>>> print(open('my_file-v8.txt').read())   # compact mmCIF, C-alpha atoms and all ligand atoms
# COMPACT_ATOMS: atom_id res chain seq x y z
CA MET A 56 102.34 163.76 141.46
CA ASP A 57 103.33 160.45 143.01
CA HIS A 58 107.02 159.79 143.31
CA VAL A 59 109.14 156.69 143.67
CA ASP A 60 112.89 156.83 144.34
CA LEU A 61 114.94 153.83 143.21
CA ALA A 62 118.19 155.23 144.72
CA GLY A 63 120.97 153.22 143.01
CA LEU A 64 118.72 150.27 142.06
CA GLY A 65 118.56 149.48 138.34
CA LEU A 66 115.54 148.09 136.50
CA ASP A 67 117.73 145.10 135.67
CA GLU A 68 117.98 144.25 139.39
CA GLY A 69 114.33 144.44 140.43
CA GLY A 70 113.70 148.21 140.24
CA HIS A 71 110.69 147.52 138.02
CA LEU A 72 108.88 146.03 141.04
CA LEU A 73 108.95 149.42 142.80
CA VAL A 74 107.79 151.23 139.65
CA ALA A 75 104.95 148.74 138.99
CA ARG A 76 103.88 148.93 142.64
CA ALA A 77 103.71 152.74 142.48
CA LEU A 78 101.82 152.66 139.15
CA SER A 79 99.27 150.14 140.42
CA GLY A 80 97.73 152.86 142.63
CA LEU A 81 97.25 155.28 139.71
CA ARG A 82 94.53 155.60 137.10
CA PRO A 83 95.36 155.62 133.35
CA GLN A 84 97.06 158.90 132.23
CA GLU A 85 98.14 159.79 135.79
CA ARG A 86 101.84 160.46 136.23
CA LEU A 87 104.58 159.05 138.36
CA ALA A 88 107.98 160.67 138.95
CA VAL A 89 110.72 158.07 139.06
CA THR A 90 114.13 159.12 140.40
CA GLY A 91 117.35 157.23 140.79
CA THR A 92 121.07 157.33 140.22
CA HIS A 93 121.39 154.29 137.96
CA ARG A 94 123.16 155.25 134.72
CA ALA A 95 120.68 153.55 132.41
CA LEU A 96 117.52 154.44 134.34
CA ARG A 97 115.84 156.43 131.54
CA LEU A 98 116.80 153.92 128.86
CA HIS A 99 115.59 150.87 130.79
CA LEU A 100 112.45 152.61 132.00
CA ALA A 101 111.50 153.58 128.43
CA ALA A 102 111.87 149.96 127.28
CA TRP A 103 109.97 148.60 130.28
CA CYS A 104 107.14 151.12 129.76
CA ARG A 105 106.78 150.15 126.10
CA GLU A 106 106.54 146.51 127.07
CA HIS A 107 103.91 147.16 129.74
CA GLY A 108 101.74 149.68 127.94
CA HIS A 109 102.88 152.84 129.78
CA ARG A 110 104.86 155.72 128.33
CA VAL A 111 107.67 158.03 129.36
CA ALA A 112 106.82 161.75 129.11
CA ALA A 113 108.64 163.17 126.09
CA ASP A 114 110.47 166.36 127.05
CA ARG A 115 112.45 167.59 129.99
CA LEU A 116 110.01 170.44 130.65
CA GLU A 117 107.13 168.01 130.78
CA SER A 118 109.26 165.93 133.11
CA ALA A 119 109.84 168.67 135.67
CA PRO A 120 109.19 167.09 139.04
CA ALA A 121 106.82 169.74 140.31
CA GLY A 122 105.52 169.27 143.79
CA VAL A 123 108.10 166.66 144.76
CA VAL A 124 109.84 167.36 148.04
CA LEU A 125 113.61 166.98 147.82
CA THR A 126 115.46 165.35 150.64
CA ALA A 127 119.17 164.90 151.25
CA ASP A 128 119.15 161.23 150.27
CA THR A 129 117.38 161.89 147.00
CA ALA A 130 119.98 164.36 145.83
CA ALA A 131 120.04 162.72 142.41
CA PHE A 132 116.46 163.88 142.04
CA ALA A 133 117.78 167.40 141.71
CA ASP A 134 119.36 166.39 138.41
CA PRO A 135 116.59 166.44 135.76
CA ALA A 136 118.53 163.82 133.81
CA ALA A 137 117.89 161.35 136.62
CA THR A 138 114.17 162.08 136.83
CA VAL A 139 111.77 160.29 134.55
CA ILE A 140 108.04 160.90 134.40
CA VAL A 141 106.02 157.81 133.60
CA VAL A 142 102.44 158.17 132.31
CA ARG A 143 100.33 155.21 133.29
CA GLY A 144 98.73 153.30 130.40
CA SER A 145 95.65 151.09 130.42
CA ALA A 146 97.11 147.88 128.97
CA GLY A 147 97.32 146.23 132.38
CA ASP A 148 93.59 146.75 132.90
CA ARG A 149 92.75 145.39 129.46
CA ARG A 150 94.79 142.27 130.19
CA TRP A 151 92.35 141.23 132.91
CA GLN A 152 89.25 142.00 130.88
CA GLY A 153 87.43 138.71 130.35
CA ALA A 154 89.32 137.09 133.22
CA GLU A 155 87.22 134.78 135.41
CA ARG A 156 87.67 132.99 138.71
CA ALA A 157 88.33 129.25 138.48
CA GLY A 158 85.41 128.50 140.77
CA SER A 159 85.71 129.41 144.42
CA ALA A 160 88.55 128.54 146.78
CA ALA A 161 86.24 128.63 149.79
CA GLY A 162 83.09 126.98 148.51
CA PRO A 163 82.53 123.47 147.13
CA PRO A 164 84.13 122.68 143.75
CA ALA A 165 82.20 123.82 140.69
CA GLU A 166 79.59 121.55 139.11
CA ARG A 167 81.45 121.83 135.84
CA ALA A 168 85.11 122.85 135.54
CA SER A 169 85.89 124.96 132.47
CA GLN A 170 88.62 123.68 130.17
CA ALA A 171 89.69 127.35 129.93
CA TRP A 172 90.67 127.29 133.63
CA GLY A 173 93.47 124.97 132.63
CA LEU A 174 95.88 124.25 135.45
CA ALA A 175 94.89 127.36 137.46
CA ALA A 176 94.48 126.87 141.21
CA ARG A 177 90.86 126.59 142.34
CA GLY A 178 89.58 130.12 142.85
CA ALA A 179 92.46 131.82 140.98
CA LEU A 180 91.74 134.78 138.63
CA VAL A 181 92.38 133.25 135.21
CA GLU A 182 93.63 135.49 132.40
CA ALA A 183 91.74 134.75 129.19
CA GLY A 184 93.54 133.24 126.23
CA GLY A 185 95.56 130.41 127.74
CA PRO A 186 95.61 126.93 126.25
CA PRO A 187 92.46 124.88 126.99
CA LEU A 188 93.12 121.84 129.17
CA GLY A 189 91.36 119.02 127.33
CA ALA A 190 90.58 117.11 130.55
CA ARG A 191 88.19 114.26 129.95
CA TRP A 192 86.54 114.34 133.40
CA ALA A 193 85.38 117.87 134.10
CA GLU A 194 81.99 117.38 135.79
CA ARG A 195 81.78 117.16 139.55
CA ASP A 196 79.24 114.35 139.83
CA HIS A 197 81.31 112.16 137.52
CA VAL A 198 84.37 112.20 139.79
CA TRP A 199 83.42 113.53 143.20
CA ALA A 200 82.64 112.18 146.67
CA ASP A 201 82.15 114.45 149.67
CA ILE A 202 84.47 112.22 151.69
CA ALA A 203 87.39 112.75 149.24
CA PRO A 204 89.11 115.54 151.28
CA GLN A 205 89.03 113.48 154.50
CA LEU A 206 90.19 110.34 152.70
CA TYR A 207 93.10 112.25 151.18
CA ALA A 208 94.08 113.60 154.60
CA ALA A 209 93.90 110.07 156.03
CA ALA A 210 95.99 108.75 153.13
CA ALA A 211 98.65 111.43 153.62
CA ALA A 212 98.80 110.63 157.34
CA SER A 213 99.02 106.85 156.81
CA GLN A 214 101.90 106.50 154.37
CA TRP A 215 104.35 103.84 155.54
CA ASP A 216 107.90 103.02 154.57
CA PRO A 217 108.34 99.46 153.26
CA ALA A 218 111.95 99.48 154.48
CA THR A 219 111.00 100.02 158.13
CA ALA A 220 107.32 99.04 158.47
CA VAL A 221 108.19 95.38 157.81
CA ASP A 222 110.86 93.43 159.68
CA TRP A 223 112.49 91.87 156.61
CA ALA A 224 115.08 90.15 158.80
CA ALA A 225 112.31 87.99 160.31
CA GLN A 226 113.28 85.25 157.87
CA ALA A 227 110.83 82.90 156.25
CA GLY A 228 113.45 80.19 156.79
CA ASP A 229 111.25 78.14 159.13
CA VAL A 230 108.39 77.91 156.64
CA PRO A 231 108.15 74.38 155.14
CA ALA A 232 109.21 74.36 151.48
CA GLU A 233 105.77 73.56 150.05
CA ILE A 234 104.00 76.18 152.16
CA GLU A 235 106.67 78.64 151.05
CA ARG A 236 105.85 77.77 147.40
CA ALA A 237 102.20 78.55 148.17
CA VAL A 238 103.16 81.92 149.67
CA VAL A 239 105.35 82.71 146.65
CA GLN A 240 102.45 81.82 144.30
CA LEU A 241 100.06 84.07 146.21
CA MET A 242 102.56 86.95 146.21
CA THR A 243 103.11 86.52 142.46
CA TYR A 244 99.35 86.74 141.93
CA LEU A 245 99.05 89.77 144.23
CA VAL A 246 101.79 91.67 142.35
CA GLU A 247 99.93 91.16 139.05
CA ASN A 248 96.73 92.51 140.56
CA GLU A 249 98.47 95.41 142.29
CA GLN A 250 100.00 96.46 138.98
CA ALA A 251 96.53 96.74 137.45
CA ALA A 252 95.37 98.59 140.58
CA LEU A 253 98.21 101.10 140.12
CA ILE A 254 97.71 101.73 136.41
CA ILE A 255 93.95 102.37 136.61
CA PRO A 256 93.94 105.29 139.11
CA ALA A 257 97.02 106.71 137.37
CA ARG A 258 95.13 106.68 134.06
CA LEU A 259 91.98 108.24 135.57
CA LEU A 260 94.16 110.84 137.26
CA SER A 261 95.79 111.87 133.97
CA GLN A 262 92.36 112.65 132.48
CA LEU A 263 90.84 114.37 135.52
CA HIS A 264 90.30 118.14 135.67
CA PRO A 265 92.60 119.37 138.49
CA HIS A 266 89.80 121.63 139.72
CA TYR A 267 88.70 118.49 141.60
CA ARG A 268 91.92 118.73 143.53
CA GLU A 269 91.13 116.38 146.42
CA VAL A 270 90.14 113.57 144.05
CA MET A 271 93.34 114.17 142.08
CA GLN A 272 95.39 114.02 145.31
CA LEU A 273 93.54 110.93 146.49
CA LEU A 274 94.14 109.09 143.20
CA ALA A 275 97.82 110.06 143.35
CA SER A 276 98.13 108.65 146.87
CA GLN A 277 96.22 105.54 145.77
CA ALA A 278 98.75 104.98 142.96
CA ALA A 279 101.58 105.49 145.49
CA ASP A 280 99.93 102.95 147.83
CA GLU A 281 99.82 100.39 145.02
CA ALA A 282 103.46 101.08 144.18
CA ARG A 283 104.30 100.09 147.77
CA HIS A 284 102.12 96.99 147.55
CA VAL A 285 103.91 95.93 144.36
CA GLU A 286 107.21 96.40 146.21
CA VAL A 287 106.41 94.51 149.40
CA PHE A 288 104.70 91.58 147.67
CA THR A 289 107.62 91.30 145.24
CA ARG A 290 110.10 91.36 148.12
CA ARG A 291 108.17 88.69 150.01
CA ALA A 292 107.93 86.52 146.87
CA LEU A 293 111.70 86.64 146.42
CA LEU A 294 112.60 86.47 150.12
CA SER A 295 113.45 82.77 150.09
CA GLY A 296 115.61 83.10 147.01
CA GLY A 297 113.46 81.16 144.51
CA GLU A 298 111.64 82.11 141.32
CA PRO A 299 108.19 83.77 141.36
CA GLY A 300 105.13 81.59 140.74
CA THR A 301 102.80 81.45 137.72
CA SER A 302 100.64 84.04 135.94
CA SER A 303 97.49 82.65 134.32
CA ALA A 304 95.91 83.85 131.07
CA GLY A 305 92.47 83.92 132.72
CA GLY A 306 93.68 86.13 135.57
CA ARG A 307 95.26 88.57 133.17
CA ALA A 308 92.14 88.57 130.97
CA SER A 309 90.11 89.61 134.01
CA LEU A 310 92.50 92.48 134.80
CA GLN A 311 92.60 93.54 131.15
CA THR A 312 88.83 94.26 131.22
CA LEU A 313 89.56 96.74 134.02
CA LEU A 314 92.41 98.38 132.12
CA ASP A 315 90.17 98.69 129.02
CA GLU A 316 87.23 100.31 130.84
CA PRO A 317 87.16 103.93 129.63
CA ASP A 318 84.58 105.41 132.01
CA PHE A 319 85.80 107.02 135.26
CA THR A 320 83.00 105.80 137.50
CA ILE A 321 82.61 102.34 135.96
CA ALA A 322 86.38 101.81 136.25
CA ALA A 323 86.32 102.97 139.90
CA PHE A 324 83.27 100.78 140.57
CA LEU A 325 84.68 97.61 139.01
CA LEU A 326 88.17 98.12 140.44
CA SER A 327 87.55 99.57 143.88
CA VAL A 328 84.03 98.56 144.94
CA LEU A 329 84.00 95.01 143.55
CA GLY A 330 87.68 94.12 143.02
CA GLU A 331 89.49 95.82 145.90
CA GLY A 332 86.48 95.19 148.13
CA THR A 333 86.91 91.46 147.45
CA PHE A 334 90.66 91.82 147.95
CA LEU A 335 90.12 93.18 151.47
CA ASP A 336 88.84 89.76 152.52
CA LEU A 337 91.59 88.00 150.57
CA LEU A 338 94.38 90.04 152.18
CA ARG A 339 92.94 89.51 155.67
CA PHE A 340 92.67 85.77 154.96
CA ILE A 341 96.34 85.58 153.93
CA ALA A 342 97.35 87.63 156.98
CA ASP A 343 95.34 85.38 159.31
CA HIS A 344 96.85 82.20 157.86
CA ALA A 345 100.34 83.57 157.22
CA PRO A 346 103.09 81.08 158.11
CA ASP A 347 105.55 83.89 158.86
CA GLN A 348 105.59 87.45 160.20
CA VAL A 349 106.64 89.13 156.92
CA THR A 350 103.66 87.65 155.03
CA ALA A 351 101.32 88.73 157.83
CA ASP A 352 102.76 92.26 157.93
CA VAL A 353 102.74 93.00 154.20
CA THR A 354 99.16 91.80 153.73
CA ARG A 355 97.89 93.70 156.81
CA LEU A 356 99.59 96.93 155.70
CA ALA A 357 98.17 96.58 152.19
CA ALA A 358 94.66 95.86 153.51
CA ARG A 359 94.76 99.08 155.54
CA ASP A 360 95.42 101.09 152.37
CA GLU A 361 92.86 99.12 150.37
CA ALA A 362 90.14 100.05 152.85
CA ARG A 363 90.57 103.70 151.77
CA HIS A 364 90.48 102.82 148.08
CA VAL A 365 87.26 100.88 148.63
CA ALA A 366 85.77 103.73 150.70
CA PHE A 367 86.30 106.22 147.87
CA GLY A 368 84.95 103.82 145.25
CA VAL A 369 81.77 103.21 147.24
CA ALA A 370 81.28 106.89 148.18
CA HIS A 371 81.85 108.16 144.64
CA THR A 372 79.65 105.55 142.96
CA ALA A 373 76.89 106.20 145.52
CA HIS A 374 77.25 109.96 144.90
CA LEU A 375 76.70 109.54 141.16
CA ALA A 376 73.88 107.02 141.65
CA ARG A 377 72.10 109.54 143.90
CA SER A 378 72.43 112.35 141.34
CA ASP A 379 71.34 110.19 138.37
CA ARG A 380 68.61 107.65 139.14
CA HIS A 381 69.30 105.72 135.92
CA TYR A 382 72.92 105.18 136.83
CA LEU A 383 72.39 101.91 138.72
CA GLY A 384 71.23 100.42 135.40
CA THR A 385 74.48 101.53 133.76
CA LEU A 386 76.47 99.84 136.53
CA ARG A 387 74.43 96.67 136.24
CA GLN A 388 75.11 96.53 132.49
CA ALA A 389 78.83 97.03 133.13
CA VAL A 390 78.93 94.01 135.48
CA GLU A 391 76.94 91.88 133.00
CA ARG A 392 79.14 92.97 130.08
CA ARG A 393 82.29 92.06 131.98
CA HIS A 394 80.82 88.74 133.05
CA SER A 395 80.05 87.84 129.40
CA ALA A 396 83.49 88.91 128.25
CA LEU A 397 85.10 86.62 130.83
CA ARG A 398 82.63 83.74 130.53
CA ASP A 399 85.03 81.54 128.56
CA THR A 400 88.11 82.26 130.66
CA ALA A 401 89.20 80.21 133.64
CA GLY A 402 89.07 83.20 136.01
CA LEU A 403 91.13 82.48 139.06
CA ASN A 404 94.49 80.80 138.51
CA ALA A 405 93.97 77.22 139.81
CA GLU A 406 97.40 77.40 141.45
CA VAL A 407 96.25 80.43 143.44
CA PHE A 408 93.20 78.57 144.68
CA ASP A 409 95.33 75.56 145.66
CA ALA A 410 97.85 77.83 147.38
CA LEU A 411 95.07 79.41 149.47
CA VAL A 412 93.85 75.96 150.56
CA LEU A 413 97.36 74.83 151.46
CA LEU A 414 98.10 78.06 153.32
CA ALA A 415 95.00 77.63 155.47
CA ALA A 416 95.69 73.88 155.86
CA GLY A 417 99.28 74.37 156.99
CA SER A 418 100.18 70.78 156.07
CA TRP A 419 99.37 67.98 153.59
CA SER A 420 97.44 65.74 156.00
CA PRO A 421 93.94 64.98 154.66
CA GLU A 422 92.38 66.49 157.79
CA ALA A 423 94.36 69.70 157.37
CA ILE A 424 93.51 69.95 153.65
CA LYS A 425 89.82 69.51 154.45
CA ARG A 426 90.09 72.33 156.99
CA GLY A 427 91.90 74.52 154.45
CA TRP A 428 89.36 73.81 151.73
CA HIS A 429 86.48 74.79 154.04
CA ALA A 430 88.34 77.92 155.10
CA VAL A 431 88.60 79.00 151.44
CA ARG A 432 84.91 78.21 150.90
CA ASP A 433 84.10 80.45 153.89
CA LEU A 434 86.39 83.12 152.47
CA ARG A 435 84.40 83.10 149.23
CA SER A 436 81.14 83.55 151.07
CA ARG A 437 82.62 86.42 153.12
CA MET A 438 83.74 88.01 149.84
CA ASP A 439 80.22 87.62 148.46
CA GLU A 440 78.63 89.14 151.59
CA GLY A 441 81.04 92.08 151.41
CA ARG A 442 80.21 92.75 147.77
CA ARG A 443 76.48 92.57 148.46
CA ARG A 444 76.85 94.99 151.38
CA ARG A 445 78.78 97.49 149.24
CA LEU A 446 76.35 97.17 146.33
CA ALA A 447 73.50 97.83 148.75
CA ALA A 448 75.35 100.91 150.06
CA ILE A 449 75.44 102.25 146.51
CA GLY A 450 71.69 101.83 146.22
CA PHE A 451 71.02 98.38 144.75
CA PRO A 452 68.10 96.44 146.27
CA ASP A 453 69.26 93.29 148.10
CA ASP A 454 68.15 90.79 145.45
CA GLU A 455 69.89 92.68 142.67
CA ALA A 456 73.02 93.10 144.81
CA ALA A 457 73.10 89.31 145.27
CA GLN A 458 72.74 88.72 141.50
CA LEU A 459 75.48 91.16 140.62
CA SER A 460 77.83 89.84 143.29
CA ALA A 461 77.44 86.34 141.82
CA LEU A 462 78.51 87.68 138.39
CA HIS A 463 81.76 89.11 139.78
CA THR A 464 84.98 87.77 138.22
CA ARG A 465 86.35 84.52 139.65
CA ASN A 466 89.77 86.20 139.65
CA PHE A 467 88.55 88.27 142.68
CA MET A 468 89.91 91.50 141.04
FE FE B 501 96.89 97.42 146.54
FE FE B 502 94.03 99.50 145.97
>>> encode(input="my_file-v8.txt", output="structure tokens", more="lines below")
Ligand SMILES: [Fe+2]
Ligand SMILES: [Fe+2]
Amino acid sequence: MDHVDLAGLGLDEGGHLLVARALSGLRPQERLAVTGTHRALRLHLAAWCREHGHRVAADRLESAPAGVVLTADTAAFADPAATVIVVRGSAGDRRWQGAERAGSAAGPPAERASQAWGLAARGALVEAGGPPLGARWAERDHVWADIAPQLYAAAAASQWDPATAVDWAAQAGDVPAEIERAVVQLMTYLVENEQAALIIPARLLSQLHPHYREVMQLLASQAADEARHVEVFTRRALLSGGEPGTSSAGGRASLQTLLDEPDFTIAAFLLSVLGEGTFLDLLRFIADHAPDQVTADVTRLAARDEARHVAFGVAHTAHLARSDRHYLGTLRQAVERRHSALRDTAGLNAEVFDALVLLAAGSWSPEAIKRGWHAVRDLRSRMDEGRRRRLAAIGFPDDEAAQLSALHTRNFM
């Protein structure tokens, strides 16, 4: 008979771990002699056994510790009152009947994640009977991109601290008042767009099956990136001590269509491929024409993060388009639907457009304004080229990519 000696350890102080460990090596109905000097050993052991489907042998004769070698430090064992024989039950085995692995920890994530896996770690042995998860996105192709693990690692390695990554003491004091107003208007517009860009991945994340862990982590880091962008653009807007600029109804209408899009991939496509892709050029434009170091720094830092968001959007949409050859048609309809919904809105805030021209002009002389206006026209064609390139990467033929790019919102995002 196997034997475990608890010495003075009570079951109320962890003694049950030693008993359970000893029982785990036995088959049902095999016996274990438990010895110890704790006053309530028999009482506690009987209660613990009932709870865990084992039983304590009934009489003292049955409990005789035959075959157990006595040693000096198990003197209590010599007292039959301190020896309890536990008969192993089979409840523990029954508990894991019907258990299944939540996919494989080593292999690729499962094609379909079971709601019954709930919050279990990928590859964990899942006891049956827990609450089902109710995750809306539980199919790999609808959320996945093979590049997601690398992008998450890059995101984790590239987090920056707004307090130290930007030299906030490099005052915008030398910026002429009207150029400063233009910067404040652009920052006000950026904050509005960043807030939409934060809410959308956070919403997708809340409905994603956590089996697709790397996508979940990537969306969480994306939301954290946007939180920083909201912070630094707000700080830059308020740096000179004035009020923020304007928020247009047309701009907000454009963002609302993104917030209202229920589908994971269409939301990622419209936000990240088309919107954030277009924003990459916008942020670089503002950085290149920034009248002060803070404006240049905050837009460059944000653009670095945005490049990852765009990379996931393109990779995921391309992944789904490869697995479902009709999917490009679904994406095309989504762009057309959004274009119709926004047809009667102004799109880009006119004050944002004017601010971009003035920023690039640098002054109010007619020559400078002409230069600024042409710079913004060139920006718009760079944005269009970028969208066409990304649409082609997803699988659209060039002519269709050009048509769809032209239907993109005038609000840029
Ligand atoms: Fe952002
Ligand atoms: Fe973003």
>>> residues_near_ligand(input="my_file-v8.txt", ligand="ligand FE 501 (chain B)", cutoff="9 Å", atoms="all atoms listed in the file", output="list in words")
Leu245, Val246, Asn248, Glu249, Gln250, Ala252, Leu253, Gln277, Ala278, Asp280, Glu281, Ala282, Arg283, His284, Val285, Glu331, Phe334, Ala357, Ala358, Asp360, Glu361 and His364 of chain A
>>> residues_around(input="my_file-v8.txt", residues="A:Ala211", least_positions_apart="2", cutoff="12 Å", atoms="only C-alpha atoms", output="PyMOL selection string")
chain A and resi 204-209+213-215+269+272-277+279-280+360+363
>>> residues_around(input="my_file-v8.txt", residues="stretch 155-158 of chain A", least_positions_apart="3", cutoff="7 Å", atoms="only C-alpha atoms", output="list in words")
Pro164, Ala165, Trp172, Ala175, Arg177, Gly178, Ala179, Leu180 and Val181 of chain A
>>> residues_around(input="my_file-v8.txt", residues="A:Ala362", least_positions_apart="3", cutoff="8 Å", atoms="all atoms listed in the file", output="mmCIF file with C-alpha atoms, keeping the file's coordinate frame")
data_model
loop_
_atom_site.group_PDB
_atom_site.id
_atom_site.type_symbol
_atom_site.label_atom_id
_atom_site.label_comp_id
_atom_site.auth_asym_id
_atom_site.auth_seq_id
_atom_site.Cartn_x
_atom_site.Cartn_y
_atom_site.Cartn_z
ATOM 1 C CA GLY A 332 86.480 95.190 148.130
ATOM 2 C CA LEU A 335 90.120 93.180 151.470
ATOM 3 C CA ALA A 358 94.660 95.860 153.510
ATOM 4 C CA ARG A 359 94.760 99.080 155.540
ATOM 5 C CA VAL A 365 87.260 100.880 148.630
ATOM 6 C CA ALA A 366 85.770 103.730 150.700
#
>>> atom_distance(input="my_file-v8.txt", atom1="atom CA of A:Thr92", atom2="atom CA of A:Ala113")
19.7 Å
>>> residues_near_point(input="my_file-v8.txt", point="(102.1, 83.1, 141.3)", cutoff="8 Å", atoms="all atoms listed in the file", output="list in words")
Val239, Gln240, Leu241, Met242, Thr243, Tyr244, Leu245, Pro299, Gly300, Thr301, Ser302, Glu406 and Val407 of chain A
>>> residues_around(input="my_file-v8.txt", residues="A:Arg290", least_positions_apart="2", cutoff="12 Å", atoms="only C-alpha atoms", output="tab-separated table (two decimals) with C-alpha atoms, in the coordinates of the input")
chain	number	residue	atom	x	y	z
A	217	PRO	CA	108.34	99.46	153.26
A	218	ALA	CA	111.95	99.48	154.48
A	221	VAL	CA	108.19	95.38	157.81
A	222	ASP	CA	110.86	93.43	159.68
A	223	TRP	CA	112.49	91.87	156.61
A	224	ALA	CA	115.08	90.15	158.80
A	226	GLN	CA	113.28	85.25	157.87
A	227	ALA	CA	110.83	82.90	156.25
A	238	VAL	CA	103.16	81.92	149.67
A	239	VAL	CA	105.35	82.71	146.65
A	242	MET	CA	102.56	86.95	146.21
A	243	THR	CA	103.11	86.52	142.46
A	245	LEU	CA	99.05	89.77	144.23
A	246	VAL	CA	101.79	91.67	142.35
A	283	ARG	CA	104.30	100.09	147.77
A	284	HIS	CA	102.12	96.99	147.55
A	285	VAL	CA	103.91	95.93	144.36
A	286	GLU	CA	107.21	96.40	146.21
A	287	VAL	CA	106.41	94.51	149.40
A	288	PHE	CA	104.70	91.58	147.67
A	292	ALA	CA	107.93	86.52	146.87
A	293	LEU	CA	111.70	86.64	146.42
A	294	LEU	CA	112.60	86.47	150.12
A	295	SER	CA	113.45	82.77	150.09
A	296	GLY	CA	115.61	83.10	147.01
A	297	GLY	CA	113.46	81.16	144.51
A	298	GLU	CA	111.64	82.11	141.32
A	299	PRO	CA	108.19	83.77	141.36
A	349	VAL	CA	106.64	89.13	156.92
A	350	THR	CA	103.66	87.65	155.03
A	353	VAL	CA	102.74	93.00	154.20
>>> atom_distance(input="my_file-v8.txt", atom1="atom CA of A:Gly306", atom2="atom CA of A:Leu403")
5.7 Å
>>> atom_distance(input="my_file-v8.txt", atom1="atom CA of A:His93", atom2="atom CA of A:Ala75")
17.4 Å
>>> residues_around(input="my_file-v8.txt", residues="A:Gln458", least_positions_apart="3", cutoff="12 Å", atoms="all atoms listed in the file", output="PyMOL selection string")
chain A and resi 387+390-391+394+439-440+442-443+446-447+451-455+461-463
>>> closest_residue(input="my_file-v8.txt", among="A:Ser327, A:Thr138, A:Gln84, A:Ser169", to="ligand FE 502 (chain B)", atoms="only C-alpha atoms and all ligand atoms")
A:Ser327
>>> closest_residue(input="my_file-v8.txt", among="A:Leu329, A:Leu414, A:Arg398, A:Val89", to="ligand FE 502 (chain B)", atoms="all atoms listed in the file")
A:Leu329
>>> closest_atom_pairs(input="my_file-v8.txt", of="stretch 131-207 of chain A", to="stretch 103-111 of chain A", cutoff="6 Å", atoms="all atoms listed in the file", output="tab-separated table")
residue	atom	partner	partner_atom	distance
A:Ile140	CA	A:Val111	CA	5.8
A:Val141	CA	A:Val111	CA	4.6
A:Val142	CA	A:Arg110	CA	5.3
A:Arg143	CA	A:His109	CA	4.9
A:Gly144	CA	A:His109	CA	4.2
A:Ala146	CA	A:Gly108	CA	5.1
>>> decode(input="my_file-v8.txt", residues="stretch 387-396 of chain A", atoms="N, CA, C and O atoms", output="tab-separated table (two decimals), in the first residue's frame")
chain	number	residue	atom	x	y	z
A	387	ARG	N	-16.02	45.27	-52.84
A	387	ARG	CA	-16.40	46.31	-53.81
A	387	ARG	C	-17.75	46.91	-53.43
A	387	ARG	O	-17.94	48.13	-53.40
A	388	GLN	N	-18.71	46.03	-53.08
A	388	GLN	CA	-20.05	46.53	-52.69
A	388	GLN	C	-19.95	47.41	-51.44
A	388	GLN	O	-20.68	48.40	-51.32
A	389	ALA	N	-19.07	47.04	-50.52
A	389	ALA	CA	-18.94	47.84	-49.28
A	389	ALA	C	-18.46	49.26	-49.61
A	389	ALA	O	-18.95	50.23	-49.03
A	390	VAL	N	-17.49	49.36	-50.54
A	390	VAL	CA	-16.98	50.69	-50.91
A	390	VAL	C	-18.09	51.49	-51.60
A	390	VAL	O	-18.31	52.66	-51.32
A	391	GLU	N	-18.83	50.82	-52.49
A	391	GLU	CA	-19.91	51.52	-53.24
A	391	GLU	C	-21.02	51.96	-52.29
A	391	GLU	O	-21.55	53.07	-52.40
A	392	ARG	N	-21.35	51.08	-51.33
A	392	ARG	CA	-22.41	51.40	-50.36
A	392	ARG	C	-22.01	52.62	-49.53
A	392	ARG	O	-22.80	53.54	-49.33
A	393	ARG	N	-20.76	52.64	-49.11
A	393	ARG	CA	-20.30	53.76	-48.28
A	393	ARG	C	-20.28	55.05	-49.11
A	393	ARG	O	-20.66	56.12	-48.62
A	394	HIS	N	-19.86	54.92	-50.35
A	394	HIS	CA	-19.82	56.09	-51.23
A	394	HIS	C	-21.23	56.68	-51.39
A	394	HIS	O	-21.42	57.90	-51.28
A	395	SER	N	-22.24	55.82	-51.60
A	395	SER	CA	-23.62	56.32	-51.75
A	395	SER	C	-24.10	56.96	-50.47
A	395	SER	O	-24.76	57.99	-50.49
A	396	ALA	N	-23.76	56.34	-49.34
A	396	ALA	CA	-24.24	56.88	-48.06
A	396	ALA	C	-23.67	58.27	-47.81
A	396	ALA	O	-24.30	59.09	-47.15
